[in-house]
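Participant: Got a file for you: input35.txt, compact mmCIF, C-alpha atoms and all ligand atoms.
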# COMPACT_ATOMS: atom_id res chain seq x y z
CA MET S 137 -18.66 27.97 -20.99
CA THR S 138 -16.13 28.67 -18.22
CA ASN S 139 -14.55 25.77 -16.41
CA PRO S 140 -15.73 24.96 -12.88
CA ILE S 141 -13.10 25.95 -10.31
CA ILE S 142 -11.92 23.21 -7.93
CA TYR S 143 -9.78 23.35 -4.78
CA ILE S 144 -8.40 20.30 -2.93
CA ASP S 145 -7.88 21.11 0.76
CA GLY S 146 -5.30 18.60 2.07
CA GLN S 147 -3.83 18.01 -1.39
CA GLU S 148 -0.52 16.76 0.04
CA GLY S 149 -2.16 13.87 1.89
CA THR S 150 -2.79 10.39 0.48
CA THR S 151 -6.39 11.00 -0.64
CA GLY S 152 -5.73 14.57 -1.81
CA LEU S 153 -2.78 13.53 -3.96
CA GLN S 154 -4.82 10.76 -5.57
CA ILE S 155 -7.60 13.22 -6.42
CA PHE S 156 -4.99 15.60 -7.84
CA GLN S 157 -3.59 12.77 -10.01
CA ARG S 158 -7.06 12.16 -11.42
CA LEU S 159 -7.83 15.86 -12.03
CA GLY S 160 -4.43 17.35 -12.87
CA CYS S 161 -4.63 16.24 -16.50
CA ARG S 162 -8.21 17.45 -17.15
CA ASP S 163 -8.93 20.50 -19.27
CA ASP S 164 -12.62 20.75 -18.36
CA ILE S 165 -11.93 22.06 -14.84
CA THR S 166 -9.65 24.73 -13.36
CA LEU S 167 -7.69 23.48 -10.38
CA LEU S 168 -6.59 26.00 -7.73
CA GLN S 169 -3.35 25.10 -5.96
CA ILE S 170 -2.24 26.49 -2.64
CA ASP S 171 1.34 27.65 -2.11
CA PRO S 172 2.80 24.58 -0.27
CA ALA S 173 4.26 26.87 2.39
CA LEU S 174 0.71 28.10 3.19
CA ARG S 175 -1.16 24.79 3.02
CA LYS S 176 -2.22 25.04 6.68
CA ASP S 177 -2.74 28.81 6.66
CA THR S 178 -6.42 29.31 7.47
CA ALA S 179 -6.79 32.68 5.72
CA GLU S 180 -5.16 31.46 2.50
CA ARG S 181 -7.21 28.25 2.49
CA GLN S 182 -10.39 30.26 3.03
CA ARG S 183 -9.46 32.64 0.20
CA LEU S 184 -9.16 29.69 -2.21
CA MET S 185 -12.36 28.10 -0.87
CA ALA S 186 -14.21 31.33 -1.65
CA GLN S 187 -12.96 31.30 -5.26
CA ALA S 188 -13.89 27.66 -5.84
CA ASP S 189 -17.17 26.23 -7.11
CA LEU S 190 -16.36 22.92 -5.43
CA VAL S 191 -13.92 21.99 -2.66
CA PHE S 192 -12.63 18.52 -1.78
CA LEU S 193 -11.79 18.12 1.90
CA CYS S 194 -9.04 15.51 2.33
CA LEU S 195 -8.34 16.16 5.98
CA PRO S 196 -8.63 14.45 9.36
CA ASP S 197 -12.17 14.68 10.83
CA LYS S 198 -11.50 17.63 13.15
CA ALA S 199 -9.85 19.68 10.40
CA ALA S 200 -12.70 18.79 8.02
CA ILE S 201 -15.30 20.10 10.50
CA GLU S 202 -13.29 23.31 10.88
CA ALA S 203 -13.00 23.66 7.08
CA VAL S 204 -16.78 23.32 6.65
CA ALA S 205 -17.20 26.15 9.19
CA LEU S 206 -14.82 28.30 7.11
CA MET S 207 -17.25 27.90 4.17
CA ALA S 208 -20.43 28.49 6.19
CA ASP S 209 -21.22 31.74 4.37
CA MET S 210 -20.20 30.58 0.91
CA ASN S 211 -22.08 28.86 -1.90
CA THR S 212 -19.13 26.55 -2.44
CA ARG S 213 -20.09 22.89 -2.86
CA ILE S 214 -18.15 20.40 -0.75
CA ILE S 215 -17.10 16.76 -1.05
CA ASP S 216 -15.75 15.66 2.35
CA ALA S 217 -13.54 12.54 2.33
CA SER S 218 -13.50 12.31 6.13
CA THR S 219 -15.77 10.38 8.50
CA ALA S 220 -17.25 13.56 9.99
CA HIS S 221 -20.53 13.95 8.06
CA ARG S 222 -21.46 10.56 6.66
CA THR S 223 -24.56 10.01 8.77
CA ASN S 224 -25.44 13.69 9.06
CA PRO S 225 -28.90 14.16 7.47
CA ASN S 226 -27.85 17.52 6.02
CA TRP S 227 -25.25 15.75 3.89
CA THR S 228 -25.78 13.42 0.92
CA TYR S 229 -23.97 10.08 1.10
CA GLY S 230 -21.61 9.83 -1.85
CA PHE S 231 -22.33 6.30 -3.03
CA PRO S 232 -24.25 6.92 -6.27
CA GLU S 233 -25.10 3.23 -6.66
CA LEU S 234 -26.95 3.14 -3.29
CA THR S 235 -30.40 3.50 -4.86
CA ALA S 236 -31.84 4.36 -8.26
CA THR S 237 -32.08 8.02 -7.20
CA GLN S 238 -28.86 8.51 -5.21
CA GLY S 239 -26.91 9.68 -8.28
CA GLU S 240 -29.49 12.43 -8.88
CA ALA S 241 -29.38 13.38 -5.19
CA ILE S 242 -25.58 13.73 -5.38
CA ALA S 243 -25.81 15.68 -8.64
CA SER S 244 -27.94 18.38 -7.01
CA ALA S 245 -26.34 18.32 -3.53
CA LYS S 246 -24.29 21.10 -2.01
CA LEU S 247 -22.75 18.86 0.67
CA VAL S 248 -21.57 15.34 -0.17
CA ALA S 249 -19.98 12.97 2.34
CA ASN S 250 -17.66 10.52 0.59
CA PRO S 251 -18.03 6.98 2.00
CA GLY S 252 -15.41 5.25 4.15
CA CYS S 253 -13.41 2.56 2.41
CA HIS S 254 -14.55 -0.44 4.49
CA ALA S 255 -18.09 0.95 4.50
CA THR S 256 -18.04 1.11 0.69
CA GLY S 257 -17.48 -2.64 0.53
CA PHE S 258 -20.10 -3.47 3.15
CA VAL S 259 -22.76 -1.08 1.84
CA SER S 260 -22.24 -2.27 -1.74
CA VAL S 261 -23.17 -5.82 -0.65
CA VAL S 262 -25.77 -5.31 2.05
CA ALA S 263 -27.81 -2.24 1.06
CA PRO S 264 -29.25 -3.77 -2.17
CA LEU S 265 -30.15 -6.98 -0.32
CA VAL S 266 -32.03 -5.07 2.40
CA GLN S 267 -33.76 -2.87 -0.16
CA ALA S 268 -34.92 -5.97 -2.09
CA GLY S 269 -36.15 -7.73 1.06
CA VAL S 270 -33.58 -10.55 0.74
CA LEU S 271 -32.19 -9.42 4.10
CA SER S 272 -34.41 -8.23 6.90
CA PRO S 273 -33.47 -4.91 8.57
CA ASP S 274 -33.08 -6.85 11.83
CA ALA S 275 -30.48 -9.23 10.33
CA CYS S 276 -27.42 -9.72 12.56
CA LEU S 277 -24.52 -9.59 10.14
CA SER S 278 -20.76 -9.84 10.28
CA ALA S 279 -18.02 -8.85 7.86
CA HIS S 280 -14.28 -8.95 7.52
CA SER S 281 -12.35 -6.53 5.39
CA ILE S 282 -8.71 -6.70 4.29
CA THR S 283 -7.00 -3.47 3.30
CA GLY S 284 -3.59 -2.29 2.16
CA TYR S 285 -1.75 0.03 4.52
CA SER S 286 -2.35 3.19 2.46
CA GLY S 287 -5.84 3.09 4.01
CA GLY S 288 -4.24 4.49 7.16
CA GLY S 289 -2.95 7.63 5.39
CA LYS S 290 0.53 9.18 5.60
CA ALA S 291 1.24 8.07 9.17
CA MET S 292 0.54 4.38 8.49
CA ILE S 293 2.36 4.48 5.15
CA ALA S 294 5.42 5.79 7.01
CA ASP S 295 5.14 2.96 9.59
CA TYR S 296 5.06 0.29 6.86
CA GLU S 297 7.69 1.84 4.62
CA THR S 298 10.38 2.60 7.19
CA ALA S 299 13.67 0.77 6.68
CA ASP S 300 13.58 -0.71 10.21
CA LYS S 301 9.98 -1.92 10.03
CA PRO S 302 9.15 -4.24 12.97
CA GLU S 303 8.73 -7.90 12.00
CA ALA S 304 5.11 -7.80 13.25
CA LEU S 305 4.13 -5.47 10.42
CA THR S 306 4.97 -8.11 7.82
CA ALA S 307 1.93 -10.10 9.01
CA PRO S 308 -1.75 -9.12 8.57
CA ALA S 309 -3.01 -7.21 11.66
CA LEU S 310 -6.54 -7.37 13.07
CA TYR S 311 -7.67 -4.07 14.53
CA ALA S 312 -10.77 -2.29 15.90
CA LEU S 313 -11.41 -5.39 18.04
CA GLY S 314 -13.30 -3.22 20.50
CA HIS S 315 -16.21 -3.24 18.00
CA GLY S 316 -16.21 0.52 17.68
CA HIS S 317 -14.75 1.00 14.19
CA LYS S 318 -15.57 4.46 12.86
CA HIS S 319 -17.36 3.08 9.77
CA LEU S 320 -19.98 1.14 11.79
CA PRO S 321 -22.49 4.01 12.00
CA GLU S 322 -22.56 4.56 8.24
CA MET S 323 -22.72 0.80 7.59
CA SER S 324 -25.84 0.49 9.74
CA VAL S 325 -27.57 3.71 8.70
CA LEU S 326 -27.02 3.48 4.94
CA CYS S 327 -27.96 -0.20 4.81
CA GLY S 328 -31.04 0.35 6.97
CA LEU S 329 -29.89 -2.21 9.55
CA ASP S 330 -31.25 -2.21 13.10
CA ASN S 331 -28.17 -3.99 14.44
CA ARG S 332 -24.54 -2.91 14.28
CA PRO S 333 -22.60 -5.58 12.35
CA VAL S 334 -19.71 -7.51 13.90
CA PHE S 335 -16.92 -6.00 11.85
CA ASN S 336 -13.32 -7.24 11.60
CA PRO S 337 -10.96 -5.01 9.61
CA ILE S 338 -7.50 -6.37 8.80
CA VAL S 339 -4.57 -4.34 7.51
CA ALA S 340 -1.75 -6.13 5.72
CA ASP S 341 1.69 -5.41 4.31
CA TYR S 342 0.80 -4.27 0.79
CA TYR S 343 0.08 -0.73 -0.42
CA LYS S 344 -3.49 -0.66 -1.69
CA GLY S 345 -6.52 -2.76 -2.57
CA MET S 346 -9.35 -4.17 -0.49
CA ALA S 347 -11.49 -7.29 -0.09
CA THR S 348 -14.58 -6.81 2.06
CA THR S 349 -16.48 -10.06 2.67
CA VAL S 350 -19.98 -10.50 4.09
CA PRO S 351 -20.83 -14.15 4.94
CA PHE S 352 -24.39 -15.51 5.02
CA HIS S 353 -25.95 -18.67 6.48
CA LEU S 354 -28.68 -19.16 3.88
CA ALA S 355 -30.97 -21.11 6.23
CA GLN S 356 -31.23 -18.06 8.50
CA LEU S 357 -32.19 -15.86 5.58
CA ASN S 358 -34.50 -18.22 3.72
CA THR S 359 -32.77 -17.40 0.45
CA THR S 360 -30.31 -18.91 -2.05
CA THR S 361 -26.93 -18.03 -3.50
CA GLN S 362 -28.61 -17.59 -6.88
CA ALA S 363 -31.18 -15.16 -5.42
CA ILE S 364 -28.39 -13.08 -3.84
CA TYR S 365 -26.51 -13.03 -7.15
CA ASP S 366 -29.67 -12.14 -9.11
CA THR S 367 -30.58 -9.33 -6.68
CA LEU S 368 -27.12 -7.76 -6.82
CA THR S 369 -26.94 -8.17 -10.62
CA ALA S 370 -30.30 -6.42 -11.02
CA HIS S 371 -29.30 -3.63 -8.61
CA TYR S 372 -26.05 -2.82 -10.45
CA LYS S 373 -27.23 -3.52 -14.01
CA ASP S 374 -26.78 0.11 -15.15
CA SER S 375 -23.62 0.86 -13.15
CA VAL S 376 -20.34 1.54 -14.93
CA MET S 377 -18.38 1.35 -11.67
CA VAL S 378 -19.76 -1.82 -10.04
CA ASP S 379 -20.07 -5.28 -11.57
CA VAL S 380 -21.21 -8.60 -10.13
CA LYS S 381 -19.70 -12.04 -10.76
CA LEU S 382 -20.75 -15.54 -9.73
CA GLY S 383 -17.54 -16.94 -8.22
CA ASP S 384 -16.41 -20.53 -8.68
CA GLY S 385 -14.72 -20.75 -5.29
CA SER S 386 -11.24 -19.96 -6.55
CA LYS S 387 -8.90 -17.64 -4.63
CA LEU S 388 -9.63 -13.93 -4.50
CA TYR S 389 -6.74 -11.49 -4.09
CA ALA S 390 -7.36 -8.28 -2.16
CA ASN S 391 -5.28 -6.25 -4.61
CA THR S 392 -7.17 -7.37 -7.74
CA ASN S 393 -8.79 -3.97 -8.32
CA ALA S 394 -5.85 -1.90 -7.03
CA GLY S 395 -5.24 1.00 -9.38
CA LYS S 396 -8.82 1.02 -10.63
CA ASP S 397 -11.87 3.02 -9.60
CA THR S 398 -14.24 0.09 -10.13
CA LEU S 399 -15.66 -2.35 -7.58
CA THR S 400 -16.35 -6.03 -8.33
CA LEU S 401 -18.70 -8.16 -6.23
CA HIS S 402 -17.95 -11.89 -6.17
CA VAL S 403 -20.86 -14.05 -5.04
CA CYS S 404 -19.62 -17.51 -3.96
CA GLY S 405 -21.83 -20.14 -2.40
CA ASP S 406 -23.53 -23.51 -2.31
CA ASP S 407 -26.92 -24.63 -0.98
CA SER S 408 -26.26 -23.54 2.59
CA HIS S 409 -23.46 -20.97 2.68
CA CYS S 410 -22.75 -17.83 0.70
CA THR S 411 -20.12 -15.09 0.82
CA VAL S 412 -20.16 -11.86 -1.14
CA THR S 413 -16.77 -10.17 -1.49
CA ALA S 414 -16.25 -6.64 -2.75
CA LEU S 415 -12.88 -6.16 -4.46
CA PHE S 416 -11.83 -2.54 -4.96
CA ASP S 417 -9.09 -0.02 -4.22
CA ASN S 418 -9.21 1.82 -0.89
CA LEU S 419 -7.74 4.79 -2.77
CA GLY S 420 -10.09 4.28 -5.76
CA LYS S 421 -13.76 3.49 -5.20
CA GLY S 422 -12.88 3.54 -1.46
CA ALA S 423 -11.80 7.21 -1.48
CA SER S 424 -10.41 9.38 -4.29
CA GLY S 425 -11.97 7.56 -7.24
CA ALA S 426 -15.38 7.82 -5.55
CA ALA S 427 -14.76 11.50 -4.76
CA VAL S 428 -14.03 12.23 -8.44
CA GLN S 429 -17.08 10.19 -9.50
CA ASN S 430 -19.17 12.37 -7.17
CA MET S 431 -17.59 15.55 -8.53
CA ASN S 432 -18.42 14.45 -12.08
CA LEU S 433 -22.06 13.93 -11.09
CA MET S 434 -22.23 17.29 -9.25
CA LEU S 435 -20.74 19.19 -12.20
CA GLY S 436 -22.72 17.37 -14.87
CA PHE S 437 -19.76 15.52 -16.41
CA ALA S 438 -20.20 11.99 -17.71
CA GLU S 439 -19.30 9.37 -15.12
CA THR S 440 -15.69 8.18 -15.20
CA ALA S 441 -15.88 4.66 -16.54
CA GLY S 442 -13.40 2.44 -14.77
CA LEU S 443 -10.51 4.88 -14.84
CA THR S 444 -7.22 3.01 -14.35
CA LEU S 445 -4.25 4.84 -12.84
N1 LIG T 1 -6.31 6.73 2.88
C1 LIG T 1 -7.48 6.17 2.55
O1 LIG T 1 -7.54 5.09 1.93
C2 LIG T 1 -8.76 6.85 2.91
C3 LIG T 1 -8.82 8.06 3.62
N2 LIG T 1 -10.04 8.64 3.87
C4 LIG T 1 -10.18 9.88 4.66
O2 LIG T 1 -9.68 10.99 3.92
C5 LIG T 1 -9.17 11.95 4.83
C6 LIG T 1 -7.71 12.17 4.48
O3 LIG T 1 -7.06 10.94 4.72
P1 LIG T 1 -5.63 10.59 4.15
O4 LIG T 1 -5.42 11.29 2.88
O5 LIG T 1 -5.49 9.12 4.21
O6 LIG T 1 -4.75 11.24 5.31
P2 LIG T 1 -3.26 11.80 5.24
O7 LIG T 1 -2.77 11.83 6.65
O8 LIG T 1 -2.48 11.05 4.23
O9 LIG T 1 -3.47 13.29 4.71
C7 LIG T 1 -4.15 14.29 5.42
C8 LIG T 1 -3.57 15.62 4.99
O10 LIG T 1 -4.28 16.67 5.64
C9 LIG T 1 -3.30 17.62 6.08
N3 LIG T 1 -3.87 18.41 7.16
C10 LIG T 1 -4.11 18.05 8.44
N4 LIG T 1 -4.67 19.06 9.10
C11 LIG T 1 -4.77 20.10 8.24
C12 LIG T 1 -5.25 21.44 8.33
N5 LIG T 1 -5.75 21.90 9.48
N6 LIG T 1 -5.21 22.22 7.24
C13 LIG T 1 -4.73 21.76 6.07
N7 LIG T 1 -4.23 20.50 5.91
C14 LIG T 1 -4.27 19.70 6.99
C15 LIG T 1 -2.14 16.75 6.52
O11 LIG T 1 -0.98 17.51 6.64
P3 LIG T 1 0.44 16.83 6.98
O12 LIG T 1 0.96 16.36 5.65
O13 LIG T 1 1.24 17.95 7.56
O14 LIG T 1 0.19 15.72 7.93
C16 LIG T 1 -2.10 15.75 5.38
O15 LIG T 1 -1.35 16.21 4.27
C17 LIG T 1 -9.31 11.41 6.23
O16 LIG T 1 -10.45 11.91 6.84
C18 LIG T 1 -9.41 9.90 5.97
O17 LIG T 1 -10.05 9.27 7.01
C19 LIG T 1 -11.18 8.10 3.37
C20 LIG T 1 -11.17 6.92 2.69
C21 LIG T 1 -9.95 6.17 2.47
C1 LIG T 2 -5.98 0.78 7.33
C2 LIG T 2 -6.82 1.79 8.06
O1 LIG T 2 -6.52 2.20 9.15
N1 LIG T 2 -7.91 2.20 7.43
C3 LIG T 2 -8.80 3.17 8.03
C4 LIG T 2 -9.94 3.47 7.13
C5 LIG T 2 -9.65 4.45 6.04
C6 LIG T 2 -10.90 5.20 5.69
O2 LIG T 2 -11.76 4.84 4.94
O3 LIG T 2 -11.02 6.24 6.46
P1 LIG T 2 -12.19 7.27 6.69
O4 LIG T 2 -13.30 6.65 7.39
O5 LIG T 2 -11.60 8.32 7.51
O6 LIG T 2 -12.61 7.73 5.38
C7 LIG T 2 -9.44 2.62 9.31
O7 LIG T 2 -9.83 1.45 9.30
O8 LIG T 2 -9.70 3.42 10.20
Can the structure from this file be put into structure tokens for me?
Ligand SMILES: NC(=O)C1=CN([C@@H]2O[C@H](COP(=O)(O)OP(=O)(O)OC[C@H]3O[C@@H](n4cnc5c(N)ncnc54)[C@H](OP(=O)(O)O)[C@@H]3O)[C@@H](O)[C@H]2O)C=CC1
Ligand SMILES: CC(=O)N[C@@H](CCC(=O)OP(=O)(O)O)C(=O)O

Facilitator:
Amino acid sequence: MTNPIIYIDGQEGTTGLQIFQRLGCRDDITLLQIDPALRKDTAERQRLMAQADLVFLCLPDKAAIEAVALMADMNTRIIDASTAHRTNPNWTYGFPELTATQGEAIASAKLVANPGCHATGFVSVVAPLVQAGVLSPDACLSAHSITGYSGGGKAMIADYETADKPEALTAPALYALGHGHKHLPEMSVLCGLDNRPVFNPIVADYYKGMATTVPFHLAQLNTTTQAIYDTLTAHYKDSVMVDVKLGDGSKLYANTNAGKDTLTLHVCGDDSHCTVTALFDNLGKGASGAAVQNMNLMLGFAETAGLTL
């Protein structure tokens, strides 16, 4: 059997490089590489896209939309890491753990939209609870999500790693306070929520790793911490990438799963209050690790089980 041919468009960016690191050592695929001097040359990119069975797009949204247009007449399958297509009904959302059938849908899809990093954390907590009826679709939810600065790509990495970094960047920074964060549409649509959550992302002075927390007042939901834990445990029982723990209230560190492609849900609560925190890597299950997991499903390879880089 011949190897599937893969091309990473945007390979020199943060997400593209991480996908390359995961695939560069594999002998069951053939990786096309563009001449670095031509990496933004449309004709050369299109030539490689036409040769590939599957293309990863690791580009800003506008460039990703343009790249999809370049492949309009090709049979090439696409995994887009950008925000551009995540709620587009012609695309399959690349979170295989979303439902019992999402992995199969990804496996047979031509167009897969890789989830946003913050959205991955939120959807991993909320979607199973809505599906099980523990949360009503009209629930008004909030979430906060702490990320390392690599989540902002090359430009933000440069800001944080410059020798004359401003003092302000040594402290965690709240952003998207205008309540228009670009992951809100996918959070609402994929969870089946009627109401846009109140979402507070926070970027801090460390490279990678995320903690996305969804808090619940149990009286409003008519449920218990144990029921939330049991629902999430049942939902992820067959997953190799997601596991669920009942927390004891001790500290959680946002970089716990940095360097891994797995996601861990910590359910912490008492009789009245509960938080569920997703710990994962923005570059792992939040981007490149998820993209490779989706590629494995699309090409019929066994799922990567907790790959550690
Ligand atoms: N970083 C993260 O944790 C996550 C990122 N994503 C998404 O993945 C995508 C890539 O992000 P990220 O890797 O962080 O971004 P980067 O800025 O690190 O990388 C983007 C790369 O795309 C290149 N590029 C831009 N325009 C073109 C073009 N027209 N043709 C070819 N290459 C082009 C850039 O070139 P140059 O080097 O010259 O700037 C750069 O190398 C984005 O849509 C982002 O939102 C998704 C989840 C998490
Ligand atoms: C720290 C930081 O800025 N993070 C980015 C999210 C990175 C990501 O997931 O981006 P995509 O939606 O493009 O995939 C942000 O919050 O906008």

Participant: Using only C-alpha atoms and all ligand atoms, which residues have at least one atom no more than 9 Å from ligand LIG 2 (chain T)? Output them as a PyMOL selection string.

Facilitator: chain S and resi 195-197+217-220+250-256+282-289+292+311-312+317-319+337-340+418-419+422-423

Participant: Nearest to ligand LIG 1 (chain T) among S:Leu435, S:Ile141, S:Ala249, S:Val334, with distances taken over only C-alpha atoms and all ligand atoms: which residue is it?

Facilitator: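 Smallest distance to ligand LIG 1 (chain T) is found for S:Ala249.
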
Participant: What does the distance between atom C6 of ligand LIG 1 (chain T) and atom CA of S:Val380 come to in Å, to one decimal place?

Facilitator: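 If I compute the distance from atom C6 of ligand LIG 1 (chain T) to atom CA of S:Val380, I get 28.8 Å.
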
Participant: Any chance you could tabulate, as a tab-separated table, the residues of stretch 221-310 of chain S at most 12 Å from stretch 341-360 of chain S with each one's nearest atom pair and distance in Å to one decimal, using all atoms listed in the file, in chain and rising number order?

Facilitator:
residue	atom	partner	partner_atom	distance
S:Cys253	CA	S:Met346	CA	8.4
S:His254	CA	S:Thr348	CA	6.8
S:Ala255	CA	S:Thr348	CA	8.9
S:Thr256	CA	S:Thr348	CA	8.8
S:Gly257	CA	S:Thr348	CA	5.3
S:Phe258	CA	S:Thr348	CA	6.5
S:Val259	CA	S:Thr348	CA	10.0
S:Ser260	CA	S:Thr348	CA	9.7
S:Val261	CA	S:Val350	CA	7.4
S:Val262	CA	S:Val350	CA	8.0
S:Ala263	CA	S:Val350	CA	11.8
S:Leu265	CA	S:Thr359	CA	10.8
S:Val266	CA	S:Leu357	CA	11.2
S:Ala268	CA	S:Thr359	CA	11.9
S:Gly269	CA	S:Leu357	CA	10.1
S:Val270	CA	S:Thr359	CA	6.9
S:Leu271	CA	S:Leu357	CA	6.6
S:Ser272	CA	S:Leu357	CA	8.1
S:Pro273	CA	S:Leu357	CA	11.4
S:Asp274	CA	S:Leu357	CA	11.0
S:Ala275	CA	S:Leu357	CA	8.3
S:Cys276	CA	S:Phe352	CA	10.0
S:Leu277	CA	S:Val350	CA	7.6
S:Ser278	CA	S:Val350	CA	6.3
S:Ala279	CA	S:Val350	CA	4.6
S:His280	CA	S:Thr349	CA	5.4
S:Ser281	CA	S:Thr348	CA	4.0
S:Ile282	CA	S:Ala347	CA	5.2
S:Thr283	CA	S:Met346	CA	4.5
S:Gly284	CA	S:Lys344	CA	4.2
S:Tyr285	CA	S:Tyr343	CA	5.3
S:Ser286	CA	S:Tyr343	CA	5.4
S:Gly287	CA	S:Lys344	CA	7.2
S:Gly288	CA	S:Tyr343	CA	10.2
S:Gly289	CA	S:Tyr343	CA	10.6
S:Lys290	CA	S:Tyr343	CA	11.6
S:Met292	CA	S:Tyr343	CA	10.3
S:Ile293	CA	S:Tyr343	CA	8.0
S:Ala294	CA	S:Tyr343	CA	11.2
S:Asp295	CA	S:Asp341	CA	10.5
S:Tyr296	CA	S:Asp341	CA	7.1
S:Glu297	CA	S:Asp341	CA	9.4
S:Lys301	CA	S:Asp341	CA	10.7
S:Pro302	CA	S:Asp341	CA	11.5
S:Glu303	CA	S:Asp341	CA	10.7
S:Ala304	CA	S:Asp341	CA	9.9
S:Leu305	CA	S:Asp341	CA	6.6
S:Thr306	CA	S:Asp341	CA	5.5
S:Ala307	CA	S:Asp341	CA	6.6
S:Pro308	CA	S:Asp341	CA	6.6
S:Ala309	CA	S:Asp341	CA	8.9

Participant: I need the chosen residues saved as an mmCIF file, keeping the file's coordinate frame, with C-alpha atoms.

Facilitator:
data_model
loop_
_atom_site.group_PDB
_atom_site.id
_atom_site.type_symbol
_atom_site.label_atom_id
_atom_site.label_comp_id
_atom_site.auth_asym_id
_atom_site.auth_seq_id
_atom_site.Cartn_x
_atom_site.Cartn_y
_atom_site.Cartn_z
ATOM 1 C CA CYS S 253 -13.410 2.560 2.410
ATOM 2 C CA HIS S 254 -14.550 -0.440 4.490
ATOM 3 C CA ALA S 255 -18.090 0.950 4.500
ATOM 4 C CA THR S 256 -18.040 1.110 0.690
ATOM 5 C CA GLY S 257 -17.480 -2.640 0.530
ATOM 6 C CA PHE S 258 -20.100 -3.470 3.150
ATOM 7 C CA VAL S 259 -22.760 -1.080 1.840
ATOM 8 C CA SER S 260 -22.240 -2.270 -1.740
ATOM 9 C CA VAL S 261 -23.170 -5.820 -0.650
ATOM 10 C CA VAL S 262 -25.770 -5.310 2.050
ATOM 11 C CA ALA S 263 -27.810 -2.240 1.060
ATOM 12 C CA LEU S 265 -30.150 -6.980 -0.320
ATOM 13 C CA VAL S 266 -32.030 -5.070 2.400
ATOM 14 C CA ALA S 268 -34.920 -5.970 -2.090
ATOM 15 C CA GLY S 269 -36.150 -7.730 1.060
ATOM 16 C CA VAL S 270 -33.580 -10.550 0.740
ATOM 17 C CA LEU S 271 -32.190 -9.420 4.100
ATOM 18 C CA SER S 272 -34.410 -8.230 6.900
ATOM 19 C CA PRO S 273 -33.470 -4.910 8.570
ATOM 20 C CA ASP S 274 -33.080 -6.850 11.830
ATOM 21 C CA ALA S 275 -30.480 -9.230 10.330
ATOM 22 C CA CYS S 276 -27.420 -9.720 12.560
ATOM 23 C CA LEU S 277 -24.520 -9.590 10.140
ATOM 24 C CA SER S 278 -20.760 -9.840 10.280
ATOM 25 C CA ALA S 279 -18.020 -8.850 7.860
ATOM 26 C CA HIS S 280 -14.280 -8.950 7.520
ATOM 27 C CA SER S 281 -12.350 -6.530 5.390
ATOM 28 C CA ILE S 282 -8.710 -6.700 4.290
ATOM 29 C CA THR S 283 -7.000 -3.470 3.300
ATOM 30 C CA GLY S 284 -3.590 -2.290 2.160
ATOM 31 C CA TYR S 285 -1.750 0.030 4.520
ATOM 32 C CA SER S 286 -2.350 3.190 2.460
ATOM 33 C CA GLY S 287 -5.840 3.090 4.010
ATOM 34 C CA GLY S 288 -4.240 4.490 7.160
ATOM 35 C CA GLY S 289 -2.950 7.630 5.390
ATOM 36 C CA LYS S 290 0.530 9.180 5.600
ATOM 37 C CA MET S 292 0.540 4.380 8.490
ATOM 38 C CA ILE S 293 2.360 4.480 5.150
ATOM 39 C CA ALA S 294 5.420 5.790 7.010
ATOM 40 C CA ASP S 295 5.140 2.960 9.590
ATOM 41 C CA TYR S 296 5.060 0.290 6.860
ATOM 42 C CA GLU S 297 7.690 1.840 4.620
ATOM 43 C CA LYS S 301 9.980 -1.920 10.030
ATOM 44 C CA PRO S 302 9.150 -4.240 12.970
ATOM 45 C CA GLU S 303 8.730 -7.900 12.000
ATOM 46 C CA ALA S 304 5.110 -7.800 13.250
ATOM 47 C CA LEU S 305 4.130 -5.470 10.420
ATOM 48 C CA THR S 306 4.970 -8.110 7.820
ATOM 49 C CA ALA S 307 1.930 -10.100 9.010
ATOM 50 C CA PRO S 308 -1.750 -9.120 8.570
ATOM 51 C CA ALA S 309 -3.010 -7.210 11.660
#

Participant: Provide the atom CA of S:Thr400 to atom C20 of ligand LIG 1 (chain T) distance in Å, to one decimal place.

Facilitator: 17.8 Å

Participant: I need every residue sitting at most 10 Å from the point (-27.6, 16.3, -8.7) (coordinates as in the file, all atoms listed in the file considered), written as a ChimeraX atom specification.

Facilitator: /S:237-246,430,432-436

Participant: Measure the distance from atom CA of S:Gly152 to atom CA of S:Asp417 in Å and round it to one decimal.

Facilitator: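 According to the coordinates, atom CA of S:Gly152 and atom CA of S:Asp417 are separated by 15.2 Å.
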
Participant: So which residues touch stretch 164-166 of chain S within 7 Å, counting only C-alpha atoms, skipping near sequence neighbours fewer than 2 positions away, as a VMD selection string?

Facilitator: chain S and resid 139 to 142 162 168

Participant: Tell me which of S:Cys161, S:Met431, S:Leu313, S:Ala179 sits closest to S:Phe192, counting only C-alpha atoms.

Facilitator: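 Using only C-alpha atoms, S:Phe192 sits closest to S:Met431.
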
Participant: Given all atoms listed in the file as the basis, pick out the residue of S:Ala186, S:Ala426, S:Ile214, S:Leu159 nearest to ligand LIG 1 (chain T).

Facilitator: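 Nearest to ligand LIG 1 (chain T): S:Ala426.
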
Participant: When you count all atoms listed in the file, which of these residues is closest to ligand LIG 1 (chain T): S:Asp171, S:Asp406, S:Asp189, S:Asp163?

Facilitator: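 That would be S:Asp171, the residue with the smallest distance to ligand LIG 1 (chain T).
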
Participant: Kindly indicate which residue among S:Asp177, S:Glu322, S:Asp384, S:Asp407 lies nearest to ligand LIG 1 (chain T), using only C-alpha atoms and all ligand atoms for the distances.

Facilitator: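 The answer is S:Asp177, which sits nearest to ligand LIG 1 (chain T).
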
Participant: Could you check the closest approach to ligand LIG 1 (chain T) for each of S:Ile144, S:Ala291, S:Met137, S:Ala205 and tell me which residue wins, using all atoms listed in the file?

Facilitator: S:Ala291
